[in-house]
Amino acid sequence: MASTRGKFETRSPENEKTKKYDRQLRLWGDHGQSFLENARVCLINATATGTEILKGLVLPGIGAFTIVDGNNVTGEDVGRNFFLLKHSIGSNRGSAACQQLLELNPHVRGDYIDESCETLLATNPSYFTTFSVVIATGMPESTVLQLSKLLHVANVPLLLCKSFGQIGYIRLQTPEHTIIESHPDDGFDDLRLTDPFPGLRKHVDSIDLESLSRAEHAHVPYIVILLKALDRWREKHGPTSLPTYSEKKDFESIIESLKFKHHEGDDTPHVEPLNFEEAIKARARTLRKTEIPDNVKKLFEDKECENLNPKSKPFWIMVRALRDFVAVNGTLPLRGSIPDMTSDSDSYVRLAGVYKTEADKHCEDICNRVNEILTALGKPLDIVCEPEIHILCRNSHTLDVLRTRPIFEEYERPKSNLITDSLRNNYQPEEPEIVYYVLLRAVDKFFESFKRYPGCLTHLMETDISKLKSIYSKLVQEWGIGPFPKDDLIHEMCRFGASELHTIASVVGGCAAQEVIKVVTHQYVPINNTFIFNGILCTSTTFDL
Amino acid sequence: MEAMDQGASESTTESSHWPSRWSDIEKILNRTGPLSMPEFEEGKLPAVQKDCNILVIGAGGLGCELLKNLAMMGFINISVIDMDTIDLSNLNRQFLFREKDIGRPKAQVAAEFINNRVPGVKVTPYYAKIEDFDAEFYKEFSIIVCGLDAIAPRRWINRLLCSMLEYDDHEELEPETIHPLVDGGTEGFKGNARVMAPGITACIECTLSFYPPAVNFPMCTLAQTPRLPEHCIEYVKLIQWPKDKPFGETEIDGDNPEHILWIHEKSLERAAQFGIHGITYRLTQGVVKRIIPAVASTNAVIAAICANEVFKIAYSCYPNLKTYVMFNDTAGIYTDVLEPERLADCMSCSIKPRMLRFPRSATLEDVLDFLKESPQYQMSNPGATTATHEGQKTLYIPGIKSLEDQTKPNLSKTLEELGFVDGQELNVTDKTSPTGFTFKIRYE
Ligand SMILES: [Zn+2]
C-alpha cells in the first residue's frame, strides 16, 4: 500500500484528460469544461460547414453529438468535406461524417439519424428540444422558420450557419442566455477606495507613513497611498468629495507631500519611488465612485428576477440574492482580489488579506440569502452550489442576459430601419456586409421559387443574374430599404453559385463552434444575433436583426 | 520496385479523380466576376495544381488546419517543416494527431494523414528547423504560409524572403523574386493573419511593435519581495533549481512531471514563508513552460483565413487582404483590418545601412547590449565583425566556445581602442536573422 502511494506521488497529479485539455482549461476552467462535457448538440446536415463546427466541438470534448441528415454522400460532398471519404459516396452522409468525427476524440459520444430534418419535424418534433443546442446548416427557408418557432418555445438555443462562396453567415437564436463569466479584455480592479469598507479603513489607518524607514516607505502599496491622499483631500473638500480631472494637479501634489522626507545630511542618491509613481498613474482608474453597472441594473429589473417561482433557474435565484444584498449594502459584493503592485511581501499579503476577508464575508451573506430564497420557494438547497455563488460574486459586475430576437420574427418583420442605416453608414463602402445579408435572403427566395440556387449551372448564369436581381429588387421594395447597391455583388453571388468553399466553411466552423461553447459554458459573450463574414475583404459585421 | 511505384502512382491518379470533385472551387475559378483581379484567367486549376508549390511552416495548431485547408482547396504540392514532436496536450486542437502518435515528429504524422485522407495530394514533410535550409530551398516555393507560435523564426523567414529580392537596373523589383508570405498567429481567443509581399507591403520587421516582447518579473521582486504565486514559481525556476540541482546537471524539462512536481513543492514552501496563496500544479507548469492558452476554434478561423488568402494569391480570383487582420471572439465576434505602412528605413525590406550613435568611450559590450535591449532590434545574442583595410575583422563571436573565449576580451574595449573611425561599418549577426545587419557607427 505504502509503495503504491509513494509511486503515485512521484507522478503528475493530472490525469490524461486534464493534460489533453490543458491549453483550453486555462481559458474556461474545469467548471467550464464540465459544462461542455455535459452538453449534447444536434447538427442538422453534415455539410462541410456543419462538420467543421462539430470538429471544433469534438476536439475540446463536447459530451455528445447527433447528426440528423437524410442525404447520401455525393462526389461534390467529398470534394469539400474533410470528414467524408471517397468510398462513402452513396451512403448516408450523417453516418459517414459521424464515423470520422468520432475518431478525433475517444471521450466524445456521437450518433446519427438517417432522416431529413423535415421528416423528423413532421414525425417527432420534440426530439430536437432534447438537446443543449441545435446547429442547423444547409436548410431551406421554410424549414428554418419551422425549427425556429419550435426551439424558441422550447427555450433551446439554435445556431443557423451557412457558407455561400466567400460569404459566411451565423445566426444565433437564444430565448434566454445568461452569462456569468464575461471575461472582459479590459478587466477592472474593484478597490473601493472612494468608500472604503471598515476593514480597509482600519488597515490603512494602522499605517503611519511618517514613522516608516526610507525602505519601508518605498514599499507601501499604492492603494494605501491613494487612500491617505484622499483622506487629506476630503479634509479640505468635504467627506465625499473626489478630485475631478481639472483638480488632478492639486491631488497629485497631495500625493507628492506624502513622499519620504529627506533628512539633513542624507546624501543617498534620490530615486523616484515606484509606489508613488503607481499611485499617480492609478488615480483616474481607481478614484471613481463604485456604481452598479447598467447590465446588472437591467438584471435586477428583469421579470425573471422580480417574479421568482419554483421553476426559476439558479441564475435568477442568485441574481435576486444579489439584488437583496445591494438593497442593504448599496454596492455589489467585493471581488476580493487586488492587482500586483510595488510593495514588500508582507504589506502586500496583508492588504490582499483585508480584501479577501471582506469578499468572503459578502459571499457568505449571499450564500445565506440564496438559501433563504430556496427555502421560501420550497426547493432543495443543493441546486445551487457554493462554488457557483463564489464565481458569481467574483463576476457580479459583468453578469448579463441575452435574449435574441427569434428568427421567425426577423423573417416576418424585417428591421427595415436598421438595414437602411447599415446600408448608409457602413464602414466598408465598397461591400457592406449588410448587402450580403439581403442577398442571402434573396438567394433563399430564389431557391423557394426555382428549387435550385442561382449560378449553380454555368449555362444559366446570365438568366440567374437577372432573376436574382429582380427578386432582390422586390425584397428591397417590400422591406422599404435602400439605397440599392451595385449589380457587381449580385453577379458575384451568382458566381459563388452556392459553392461551399472549404476555407469559408472552416471560418464559419471555428466561429460557430466557439459560439456553442459560449452558450453551454455561460462564459464569454455570444453574438447578438447575426454575424456576416466577407472572405473577399476579410471583414465582418454583427447585426441585431 | 520502379514498376510498383508507377503502379501506385497510377492508381493514385485514378482514385484522385471523381465527378464534381472540384465543382465548388471551379465555380469561382472557371467564371470571372466583377471582383476578380485584372490578371485573373479562367480555367487555371490544372495549371496551378501542377506548378504551385506551397510551403507550410509549422505543423501545430495552425499547421494542421492549414494542411487540411490547402488540400481541400485544390493544392496538391505541399511541403511542411516542423521541428517538434507530438505531445498529449496538442490533441485538443491538432486534429491530425492521435494518442498513438505521441512522440513522433509532427511534420511526418501530419503529412501521412493528409496524404492518406485527400487523394492525389502530396505533402512532403521536413522534420527540421527552418534555419536548416537556405535561400536555394525556399526559392522553390510559390507561396509560403507560416503558422508559428514564436516571433524569432517569423523574423528569420521574413528576413530571408526580403534578402531574396532582386532589383533591375532601374531599381525596380524583379517580380519573380517576390515570394509572398501569409502569416497567422493565435493566442487564446485572439488571432491575426497577414499577407505580405516582400518589398511591396509592410514586412514583419516593419511592424515589430505588433509583437510585444515577453515581460519578465524584476529579479529583486523574485528574490526579496515576492507577492504573487507566479513570483515564487519563477524564483524556484531561476534561482533554486540551478542552486539545488535536484536532478543533477539537467535543465528543467517542462514536460517532465517530476521536474514540475519538484518546482511545485518548492514554490509552495516559498509561498508559505511569505504567506502567499494560490500555487497549483497547473499554474506551476504554466509559468515554467510559459504556456500560451489555445483552443481549436481560433486556430480553425485563422488558418482558414490564411488558406483563403493563399487561394486568392494563386488564382487572382479576388483581391487579397490588405494586409493585416485581427480577430477576437471573447465578446461577440470581432475582426479589424489594418494596413500598416512600410518603414522607409526597415532593416529587412530596405538595404540601407543604419546609423548608430555612440561616444568614443563606449565599449563593444555597450553597443551589443543596446542592440539587445532596444525595442526596435530585440536581438538575442549578437556577434559582430567590421570591415577594415586589412579585410573583415572579427570582433565578437558568441555561441562557439573557442571563438567566444578568444573574442571575449574585445567586449570591454572601447570603440576607439578597437580602431573604429567615425562612420565605419559594423556588421552584426544574430539568430533572429539569417543574413545579418549592417550599421554605421557615428561618434557623438
Ligand atoms: Zn520591412
# chains A, B, ... in the order shown; residues from 1 in each chain; ligands from 1
>>> residues_around(residues="Val48 in chain B", least_positions_apart="4", cutoff="9 Å", atoms="only C-alpha atoms", output="VMD selection string")
chain B and resid 44 52 to 53 74 to 75 314 to 315
>>> write_last_selection(atoms="C-alpha atoms", output="short mmCIF file (atom, residue, chain, number, x, y, z; two decimals), in the first residue's frame")
data_model
loop_
_atom_site.label_atom_id
_atom_site.label_comp_id
_atom_site.auth_asym_id
_atom_site.auth_seq_id
_atom_site.Cartn_x
_atom_site.Cartn_y
_atom_site.Cartn_z
CA LYS B 44 -6.33 27.77 -64.27
CA CYS B 52 2.18 25.82 -57.49
CA ASN B 53 4.33 24.62 -54.59
CA GLY B 74 -7.13 22.00 -54.57
CA PHE B 75 -3.42 22.48 -53.82
CA ALA B 314 -2.56 31.65 -56.53
CA TYR B 315 -5.52 32.47 -58.81
#
>>> residues_near_ligand(ligand="ligand 1", cutoff="8 Å", atoms="only C-alpha atoms and all ligand atoms", output="ChimeraX atom specification")
/B:198-199,201-207,342-350
>>> write_last_selection(atoms="all heavy atoms", output="short mmCIF file (atom, residue, chain, number, x, y, z; two decimals), in the first residue's frame")
data_model
loop_
_atom_site.label_atom_id
_atom_site.label_comp_id
_atom_site.auth_asym_id
_atom_site.auth_seq_id
_atom_site.Cartn_x
_atom_site.Cartn_y
_atom_site.Cartn_z
N PRO B 198 6.99 40.68 -49.93
CA PRO B 198 8.23 41.35 -49.52
C PRO B 198 8.64 42.42 -50.53
O PRO B 198 8.53 42.23 -51.73
CB PRO B 198 9.26 40.21 -49.51
CG PRO B 198 8.46 38.97 -49.36
CD PRO B 198 7.15 39.23 -50.04
N GLY B 199 9.06 43.57 -50.01
CA GLY B 199 9.46 44.66 -50.88
C GLY B 199 8.30 45.52 -51.34
O GLY B 199 8.50 46.57 -51.94
N THR B 201 4.69 45.29 -49.49
CA THR B 201 3.88 45.63 -48.32
C THR B 201 4.77 45.61 -47.08
O THR B 201 5.88 45.10 -47.10
CB THR B 201 2.74 44.62 -48.13
OG1 THR B 201 3.32 43.33 -47.91
CG2 THR B 201 1.83 44.56 -49.33
N ALA B 202 4.23 46.15 -46.00
CA ALA B 202 4.97 46.17 -44.73
C ALA B 202 5.37 44.74 -44.36
O ALA B 202 4.59 43.81 -44.51
CB ALA B 202 4.10 46.76 -43.63
N CYS B 203 6.61 44.57 -43.90
CA CYS B 203 7.06 43.24 -43.52
C CYS B 203 6.99 43.07 -42.00
O CYS B 203 6.58 43.98 -41.29
CB CYS B 203 8.46 42.98 -44.05
SG CYS B 203 9.77 43.72 -43.08
N ILE B 204 7.38 41.89 -41.54
CA ILE B 204 7.30 41.60 -40.09
C ILE B 204 8.12 42.62 -39.30
O ILE B 204 7.68 43.12 -38.27
CB ILE B 204 7.81 40.17 -39.81
CG1 ILE B 204 7.07 39.15 -40.67
CG2 ILE B 204 7.77 39.86 -38.31
CD1 ILE B 204 5.84 38.53 -40.10
N GLU B 205 9.33 42.95 -39.80
CA GLU B 205 10.18 43.89 -39.07
C GLU B 205 9.57 45.30 -39.05
O GLU B 205 9.73 46.02 -38.08
CB GLU B 205 11.58 43.96 -39.69
CG GLU B 205 12.39 42.69 -39.60
CD GLU B 205 12.81 42.31 -38.18
OE1 GLU B 205 13.07 43.21 -37.36
OE2 GLU B 205 12.85 41.11 -37.90
N CYS B 206 8.89 45.66 -40.14
CA CYS B 206 8.25 46.98 -40.18
C CYS B 206 7.23 47.12 -39.06
O CYS B 206 6.93 48.22 -38.62
CB CYS B 206 7.49 47.19 -41.49
SG CYS B 206 8.49 47.33 -42.97
N THR B 207 6.66 46.01 -38.65
CA THR B 207 5.56 46.04 -37.67
C THR B 207 5.93 45.26 -36.43
O THR B 207 5.09 44.62 -35.82
CB THR B 207 4.29 45.41 -38.29
OG1 THR B 207 4.63 44.09 -38.73
CG2 THR B 207 3.77 46.19 -39.45
N ARG B 342 4.80 50.54 -44.60
CA ARG B 342 6.18 50.06 -44.66
C ARG B 342 7.07 51.11 -44.02
O ARG B 342 6.88 52.30 -44.23
CB ARG B 342 6.57 49.94 -46.13
CG ARG B 342 6.92 48.54 -46.52
CD ARG B 342 7.32 48.53 -47.94
NE ARG B 342 8.73 48.24 -48.05
CZ ARG B 342 9.38 48.27 -49.20
NH1 ARG B 342 8.76 48.60 -50.30
NH2 ARG B 342 10.65 47.96 -49.23
N LEU B 343 8.05 50.65 -43.26
CA LEU B 343 9.00 51.61 -42.70
C LEU B 343 10.05 51.93 -43.76
O LEU B 343 10.65 51.02 -44.33
CB LEU B 343 9.70 51.01 -41.47
CG LEU B 343 8.86 50.84 -40.21
CD1 LEU B 343 9.76 50.41 -39.07
CD2 LEU B 343 8.13 52.13 -39.85
N ALA B 344 10.24 53.21 -43.99
CA ALA B 344 11.19 53.60 -45.03
C ALA B 344 12.60 53.10 -44.70
O ALA B 344 13.40 52.85 -45.60
CB ALA B 344 11.19 55.12 -45.17
N ASP B 345 12.89 52.94 -43.40
CA ASP B 345 14.23 52.50 -43.03
C ASP B 345 14.20 51.13 -42.37
O ASP B 345 14.95 50.85 -41.45
CB ASP B 345 14.87 53.53 -42.10
CG ASP B 345 14.02 53.77 -40.87
OD1 ASP B 345 12.86 53.29 -40.83
OD2 ASP B 345 14.51 54.43 -39.94
N CYS B 346 13.29 50.24 -42.82
CA CYS B 346 13.19 48.90 -42.24
C CYS B 346 14.48 48.12 -42.47
O CYS B 346 15.04 48.14 -43.56
CB CYS B 346 12.00 48.17 -42.84
SG CYS B 346 11.97 46.44 -42.40
N MET B 347 14.92 47.42 -41.44
CA MET B 347 16.17 46.66 -41.54
C MET B 347 16.06 45.49 -42.49
O MET B 347 17.05 44.98 -42.98
CB MET B 347 16.54 46.11 -40.17
CG MET B 347 16.90 47.17 -39.18
SD MET B 347 17.88 46.46 -37.88
CE MET B 347 16.82 45.14 -37.34
N SER B 348 14.84 44.99 -42.69
CA SER B 348 14.69 43.81 -43.55
C SER B 348 14.37 44.18 -44.98
O SER B 348 14.96 43.65 -45.90
CB SER B 348 13.58 42.91 -43.01
OG SER B 348 14.07 42.13 -41.99
N CYS B 349 13.37 45.04 -45.16
CA CYS B 349 12.96 45.26 -46.53
C CYS B 349 13.60 46.52 -47.13
O CYS B 349 13.28 46.91 -48.24
CB CYS B 349 11.43 45.21 -46.68
SG CYS B 349 10.50 46.36 -45.68
N SER B 350 14.52 47.18 -46.40
CA SER B 350 15.35 48.21 -47.05
C SER B 350 16.79 47.80 -46.79
O SER B 350 17.09 47.16 -45.80
CB SER B 350 15.07 49.57 -46.43
OG SER B 350 15.97 49.80 -45.37
#
>>> closest_residue(among="A:Ile62, A:Ile383, A:Leu351, A:Ile53", to="Asn38 in chain A", atoms="only C-alpha atoms")
A:Ile62
>>> atom_distance(atom1="CA of Thr85 in chain B", atom2="CA of Pro293 in chain B")
18.7 Å
>>> closest_atom_pairs(of="chain A", to="chain B", cutoff="6 Å", atoms="only C-alpha atoms", output="tab-separated table")
residue	atom	partner	partner_atom	distance
A:Ser12	CA	B:Pro257	CA	5.0
A:Lys19	CA	B:Ser89	CA	5.5
A:Lys20	CA	B:Ser89	CA	4.2
A:Tyr21	CA	B:Asn92	CA	5.7
A:Arg23	CA	B:Pro293	CA	4.6
A:Gln24	CA	B:Val295	CA	5.6
A:Gly56	CA	B:Ser297	CA	5.5
A:Leu59	CA	B:Asn92	CA	5.1
A:Pro60	CA	B:Asn92	CA	5.3
A:Gly75	CA	B:Arg21	CA	5.6
A:Glu76	CA	B:Ser20	CA	5.1
A:Gly79	CA	B:Arg21	CA	4.5
A:Asp344	CA	B:Thr225	CA	4.8
A:Ser345	CA	B:Thr225	CA	4.8
A:Asp488	CA	B:Pro34	CA	5.7
A:Glu492	CA	B:Gly33	CA	5.9
A:Ser499	CA	B:Asp24	CA	4.7
A:Thr503	CA	B:Ala304	CA	4.8
A:Ser506	CA	B:Ala304	CA	5.8
A:Val507	CA	B:Val301	CA	4.4
A:Gly510	CA	B:Ser297	CA	4.2
A:Tyr524	CA	B:Thr330	CA	5.4
A:Val525	CA	B:Ala331	CA	4.5
A:Pro526	CA	B:Gly332	CA	4.9
A:Ile527	CA	B:Gly332	CA	4.2
A:Leu537	CA	B:Leu321	CA	5.8
>>> residues_around(residues="Ile292 in chain A", least_positions_apart="2", cutoff="12 Å", atoms="only C-alpha atoms", output="PyMOL selection string")
chain A and resi 190+289-290+294-300+322-323+326-327+329-334+396-399
>>> atom_distance(atom1="CA of Ser433 in chain B", atom2="CA of Trp156 in chain B")
4.5 Å
>>> residues_around(residues="range 166-177 of chain B", least_positions_apart="2", cutoff="9 Å", atoms="only C-alpha atoms", output="PDB file with all heavy atoms, in the first residue's frame")
ATOM      1  N   LYS B 139      13.463  29.205 -52.331  1.00  0.00           N
ATOM      2  CA  LYS B 139      13.184  29.744 -53.665  1.00  0.00           C
ATOM      3  C   LYS B 139      12.193  28.887 -54.445  1.00  0.00           C
ATOM      4  O   LYS B 139      11.486  29.381 -55.314  1.00  0.00           O
ATOM      5  CB  LYS B 139      14.518  29.781 -54.429  1.00  0.00           C
ATOM      6  CG  LYS B 139      14.700  30.946 -55.342  1.00  0.00           C
ATOM      7  CD  LYS B 139      16.143  31.015 -55.833  1.00  0.00           C
ATOM      8  CE  LYS B 139      16.487  29.792 -56.694  1.00  0.00           C
ATOM      9  NZ  LYS B 139      17.921  29.742 -57.039  1.00  0.00           N
ATOM     10  N   LEU B 161      13.263  36.036 -46.868  1.00  0.00           N
ATOM     11  CA  LEU B 161      12.461  36.337 -48.057  1.00  0.00           C
ATOM     12  C   LEU B 161      12.792  37.737 -48.579  1.00  0.00           C
ATOM     13  O   LEU B 161      12.835  37.962 -49.790  1.00  0.00           O
ATOM     14  CB  LEU B 161      10.967  36.219 -47.748  1.00  0.00           C
ATOM     15  CG  LEU B 161      10.484  34.809 -47.396  1.00  0.00           C
ATOM     16  CD1 LEU B 161       8.990  34.822 -47.085  1.00  0.00           C
ATOM     17  CD2 LEU B 161      10.770  33.828 -48.531  1.00  0.00           C
ATOM     18  N   SER B 163      15.677  39.194 -48.241  1.00  0.00           N
ATOM     19  CA  SER B 163      17.026  39.183 -48.828  1.00  0.00           C
ATOM     20  C   SER B 163      17.039  38.512 -50.197  1.00  0.00           C
ATOM     21  O   SER B 163      17.992  38.649 -50.954  1.00  0.00           O
ATOM     22  CB  SER B 163      18.000  38.469 -47.885  1.00  0.00           C
ATOM     23  OG  SER B 163      17.754  37.073 -47.930  1.00  0.00           O
ATOM     24  N   MET B 164      15.977  37.784 -50.523  1.00  0.00           N
ATOM     25  CA  MET B 164      15.919  37.118 -51.833  1.00  0.00           C
ATOM     26  C   MET B 164      15.456  38.059 -52.941  1.00  0.00           C
ATOM     27  O   MET B 164      15.489  37.714 -54.116  1.00  0.00           O
ATOM     28  CB  MET B 164      14.979  35.900 -51.757  1.00  0.00           C
ATOM     29  CG  MET B 164      15.638  34.691 -51.085  1.00  0.00           C
ATOM     30  SD  MET B 164      14.444  33.541 -50.337  1.00  0.00           S
ATOM     31  CE  MET B 164      13.573  32.957 -51.766  1.00  0.00           C
ATOM     32  N   HIS B 179       8.500  36.263 -53.098  1.00  0.00           N
ATOM     33  CA  HIS B 179       7.820  35.052 -52.617  1.00  0.00           C
ATOM     34  C   HIS B 179       6.874  35.469 -51.513  1.00  0.00           C
ATOM     35  O   HIS B 179       7.302  35.753 -50.398  1.00  0.00           O
ATOM     36  CB  HIS B 179       8.834  34.032 -52.098  1.00  0.00           C
ATOM     37  CG  HIS B 179       9.733  33.533 -53.181  1.00  0.00           C
ATOM     38  ND1 HIS B 179       9.551  32.299 -53.771  1.00  0.00           N
ATOM     39  CD2 HIS B 179      10.776  34.101 -53.809  1.00  0.00           C
ATOM     40  CE1 HIS B 179      10.470  32.139 -54.710  1.00  0.00           C
ATOM     41  NE2 HIS B 179      11.226  33.229 -54.754  1.00  0.00           N
ATOM     42  N   GLY B 199       9.060  43.567 -50.009  1.00  0.00           N
ATOM     43  CA  GLY B 199       9.464  44.662 -50.879  1.00  0.00           C
ATOM     44  C   GLY B 199       8.301  45.516 -51.341  1.00  0.00           C
ATOM     45  O   GLY B 199       8.501  46.567 -51.944  1.00  0.00           O
ATOM     46  N   ILE B 200       7.063  45.065 -51.097  1.00  0.00           N
ATOM     47  CA  ILE B 200       5.904  45.842 -51.534  1.00  0.00           C
ATOM     48  C   ILE B 200       5.049  46.255 -50.330  1.00  0.00           C
ATOM     49  O   ILE B 200       4.719  47.423 -50.164  1.00  0.00           O
ATOM     50  CB  ILE B 200       5.038  45.046 -52.540  1.00  0.00           C
ATOM     51  CG1 ILE B 200       5.881  44.721 -53.773  1.00  0.00           C
ATOM     52  CG2 ILE B 200       3.795  45.842 -52.933  1.00  0.00           C
ATOM     53  CD1 ILE B 200       5.190  43.825 -54.762  1.00  0.00           C
TER      54      ILE B 200
END
>>> residues_around(residues="range 465-476 of chain A", least_positions_apart="4", cutoff="7 Å", atoms="only C-alpha atoms", output="list in words")
Leu439, Ala442, Phe446, Met461, Gly480, Ile481, Gly482, Ile490, His491 and Cys494 of chain A
>>> write_last_selection(atoms="C-alpha atoms", output="compact mmCIF listing (two decimals), in the first residue's frame")
# COMPACT_ATOMS: atom_id res chain seq x y z
CA LEU A 439 -28.55 38.94 -50.93
CA ALA A 442 -32.81 36.88 -51.83
CA PHE A 446 -34.73 32.25 -55.36
CA MET A 461 -25.54 32.32 -65.26
CA GLY A 480 -38.65 49.58 -47.81
CA ILE A 481 -34.87 49.61 -47.65
CA GLY A 482 -32.24 51.28 -49.76
CA ILE A 490 -25.46 40.23 -57.42
CA HIS A 491 -23.16 38.97 -60.15
CA CYS A 494 -24.29 34.01 -58.84
>>> select_by_dssp(residues="range 112-232 of chain B", states="helix (DSSP H, G or I)", output="ChimeraX atom specification")
/B:112-117,130-132,135-138,151-163,175-177,205-210,219-223,229-232
>>> write_last_selection(atoms="N, CA and C atoms", output="tab-separated table (two decimals), in the first residue's frame")
chain	number	residue	atom	x	y	z
B	112	GLU	N	1.50	12.29	-43.45
B	112	GLU	CA	0.92	10.96	-43.69
B	112	GLU	C	-0.60	11.04	-43.67
B	113	PHE	N	-1.13	11.75	-42.68
B	113	PHE	CA	-2.59	11.82	-42.52
B	113	PHE	C	-3.23	12.44	-43.76
B	114	ILE	N	-2.69	13.59	-44.18
B	114	ILE	CA	-3.28	14.28	-45.34
B	114	ILE	C	-3.12	13.42	-46.60
B	115	ASN	N	-1.94	12.84	-46.79
B	115	ASN	CA	-1.71	12.04	-47.99
B	115	ASN	C	-2.66	10.85	-48.07
B	116	ASN	N	-2.97	10.27	-46.91
B	116	ASN	CA	-3.93	9.15	-46.92
B	116	ASN	C	-5.36	9.62	-47.09
B	117	ARG	N	-5.68	10.77	-46.51
B	117	ARG	CA	-7.06	11.21	-46.49
B	117	ARG	C	-7.50	11.88	-47.78
B	130	ILE	N	13.68	25.65	-39.49
B	130	ILE	CA	13.69	26.46	-40.72
B	130	ILE	C	15.11	26.91	-41.05
B	131	GLU	N	15.94	27.08	-40.01
B	131	GLU	CA	17.32	27.56	-40.24
B	131	GLU	C	18.18	26.49	-40.89
B	132	ASP	N	17.68	25.24	-40.94
B	132	ASP	CA	18.46	24.19	-41.59
B	132	ASP	C	18.48	24.35	-43.10
B	135	ALA	N	18.33	29.90	-48.89
B	135	ALA	CA	17.52	30.53	-49.93
B	135	ALA	C	17.24	29.58	-51.10
B	136	GLU	N	18.21	28.72	-51.44
B	136	GLU	CA	18.01	27.79	-52.55
B	136	GLU	C	16.76	26.93	-52.34
B	137	PHE	N	16.56	26.51	-51.10
B	137	PHE	CA	15.41	25.68	-50.73
B	137	PHE	C	14.12	26.50	-50.81
B	138	TYR	N	14.12	27.65	-50.18
B	138	TYR	CA	12.89	28.44	-50.08
B	138	TYR	C	12.45	29.01	-51.43
B	151	ILE	N	8.11	34.49	-32.23
B	151	ILE	CA	8.40	35.60	-33.11
B	151	ILE	C	9.75	35.45	-33.80
B	152	ALA	N	10.74	34.84	-33.12
B	152	ALA	CA	12.08	34.76	-33.70
B	152	ALA	C	12.11	34.05	-35.06
B	153	PRO	N	11.48	32.87	-35.21
B	153	PRO	CA	11.52	32.23	-36.53
B	153	PRO	C	10.75	33.01	-37.60
B	154	ARG	N	9.69	33.72	-37.19
B	154	ARG	CA	8.97	34.56	-38.15
B	154	ARG	C	9.90	35.63	-38.71
B	155	ARG	N	10.68	36.23	-37.80
B	155	ARG	CA	11.59	37.28	-38.23
B	155	ARG	C	12.66	36.69	-39.14
B	156	TRP	N	13.08	35.48	-38.82
B	156	TRP	CA	14.13	34.84	-39.61
B	156	TRP	C	13.64	34.62	-41.05
B	157	ILE	N	12.45	34.05	-41.18
B	157	ILE	CA	11.96	33.74	-42.53
B	157	ILE	C	11.64	35.04	-43.28
B	158	ASN	N	11.15	36.02	-42.55
B	158	ASN	CA	10.86	37.32	-43.14
B	158	ASN	C	12.12	37.93	-43.75
B	159	ARG	N	13.19	37.87	-42.97
B	159	ARG	CA	14.42	38.50	-43.45
B	159	ARG	C	15.00	37.73	-44.62
B	160	LEU	N	14.87	36.42	-44.56
B	160	LEU	CA	15.35	35.62	-45.69
B	160	LEU	C	14.59	35.96	-46.97
B	161	LEU	N	13.26	36.04	-46.87
B	161	LEU	CA	12.46	36.34	-48.06
B	161	LEU	C	12.79	37.74	-48.58
B	162	CYS	N	13.04	38.68	-47.67
B	162	CYS	CA	13.40	40.03	-48.09
B	162	CYS	C	14.76	40.02	-48.78
B	163	SER	N	15.68	39.19	-48.24
B	163	SER	CA	17.03	39.18	-48.83
B	163	SER	C	17.04	38.51	-50.20
B	175	PRO	N	9.75	40.90	-60.33
B	175	PRO	CA	8.58	40.25	-59.71
B	175	PRO	C	8.81	38.78	-59.37
B	176	GLU	N	9.61	38.07	-60.15
B	176	GLU	CA	9.76	36.64	-59.86
B	176	GLU	C	10.59	36.37	-58.61
B	177	THR	N	11.24	37.42	-58.08
B	177	THR	CA	12.00	37.21	-56.84
B	177	THR	C	11.13	37.45	-55.59
B	205	GLU	N	9.33	42.95	-39.80
B	205	GLU	CA	10.18	43.89	-39.07
B	205	GLU	C	9.57	45.30	-39.05
B	206	CYS	N	8.89	45.66	-40.14
B	206	CYS	CA	8.25	46.98	-40.18
B	206	CYS	C	7.23	47.12	-39.06
B	207	THR	N	6.66	46.01	-38.65
B	207	THR	CA	5.56	46.04	-37.67
B	207	THR	C	5.93	45.26	-36.43
B	208	LEU	N	7.20	45.34	-36.04
B	208	LEU	CA	7.66	44.56	-34.89
B	208	LEU	C	6.90	44.94	-33.62
B	209	SER	N	6.39	46.17	-33.59
B	209	SER	CA	5.66	46.61	-32.39
B	209	SER	C	4.36	45.83	-32.21
B	210	PHE	N	3.89	45.11	-33.25
B	210	PHE	CA	2.70	44.26	-33.10
B	210	PHE	C	2.97	43.08	-32.19
B	219	MET	N	14.18	40.91	-11.03
B	219	MET	CA	14.85	39.94	-10.17
B	219	MET	C	14.69	40.29	-8.69
B	220	CYS	N	14.68	41.60	-8.36
B	220	CYS	CA	14.59	41.95	-6.94
B	220	CYS	C	13.23	41.57	-6.37
B	221	THR	N	12.18	41.64	-7.21
B	221	THR	CA	10.86	41.20	-6.75
B	221	THR	C	10.91	39.71	-6.43
B	222	LEU	N	11.49	38.93	-7.35
B	222	LEU	CA	11.53	37.48	-7.14
B	222	LEU	C	12.31	37.14	-5.88
B	223	ALA	N	13.46	37.82	-5.71
B	223	ALA	CA	14.36	37.44	-4.62
B	223	ALA	C	13.93	38.03	-3.28
B	229	PRO	N	1.81	34.21	-6.50
B	229	PRO	CA	2.29	32.83	-6.64
B	229	PRO	C	3.30	32.70	-7.80
B	230	GLU	N	3.07	33.45	-8.87
B	230	GLU	CA	3.98	33.41	-10.02
B	230	GLU	C	5.40	33.81	-9.62
B	231	HIS	N	5.52	34.78	-8.72
B	231	HIS	CA	6.85	35.22	-8.28
B	231	HIS	C	7.60	34.07	-7.61
B	232	CYS	N	6.86	33.29	-6.82
B	232	CYS	CA	7.51	32.18	-6.09
B	232	CYS	C	7.96	31.10	-7.08
>>> residues_around(residues="Ser241 in chain A", least_positions_apart="2", cutoff="12 Å", atoms="only C-alpha atoms", output="VMD selection string")
chain A and resid 194 to 195 230 to 239 243 to 244 247 251 287 to 289
>>> atom_distance(atom1="CA of Ile397 in chain B", atom2="CA of Asp430 in chain B")
10.0 Å
>>> select_by_dssp(residues="range 72-224 of chain B", states="strand (DSSP E)", output="ChimeraX atom specification")
/B:77-82,122-127,143-147,181-187,190-196
>>> residues_around(residues="Thr51 in chain A", least_positions_apart="2", cutoff="10 Å", atoms="only C-alpha atoms", output="count of residues only")
27
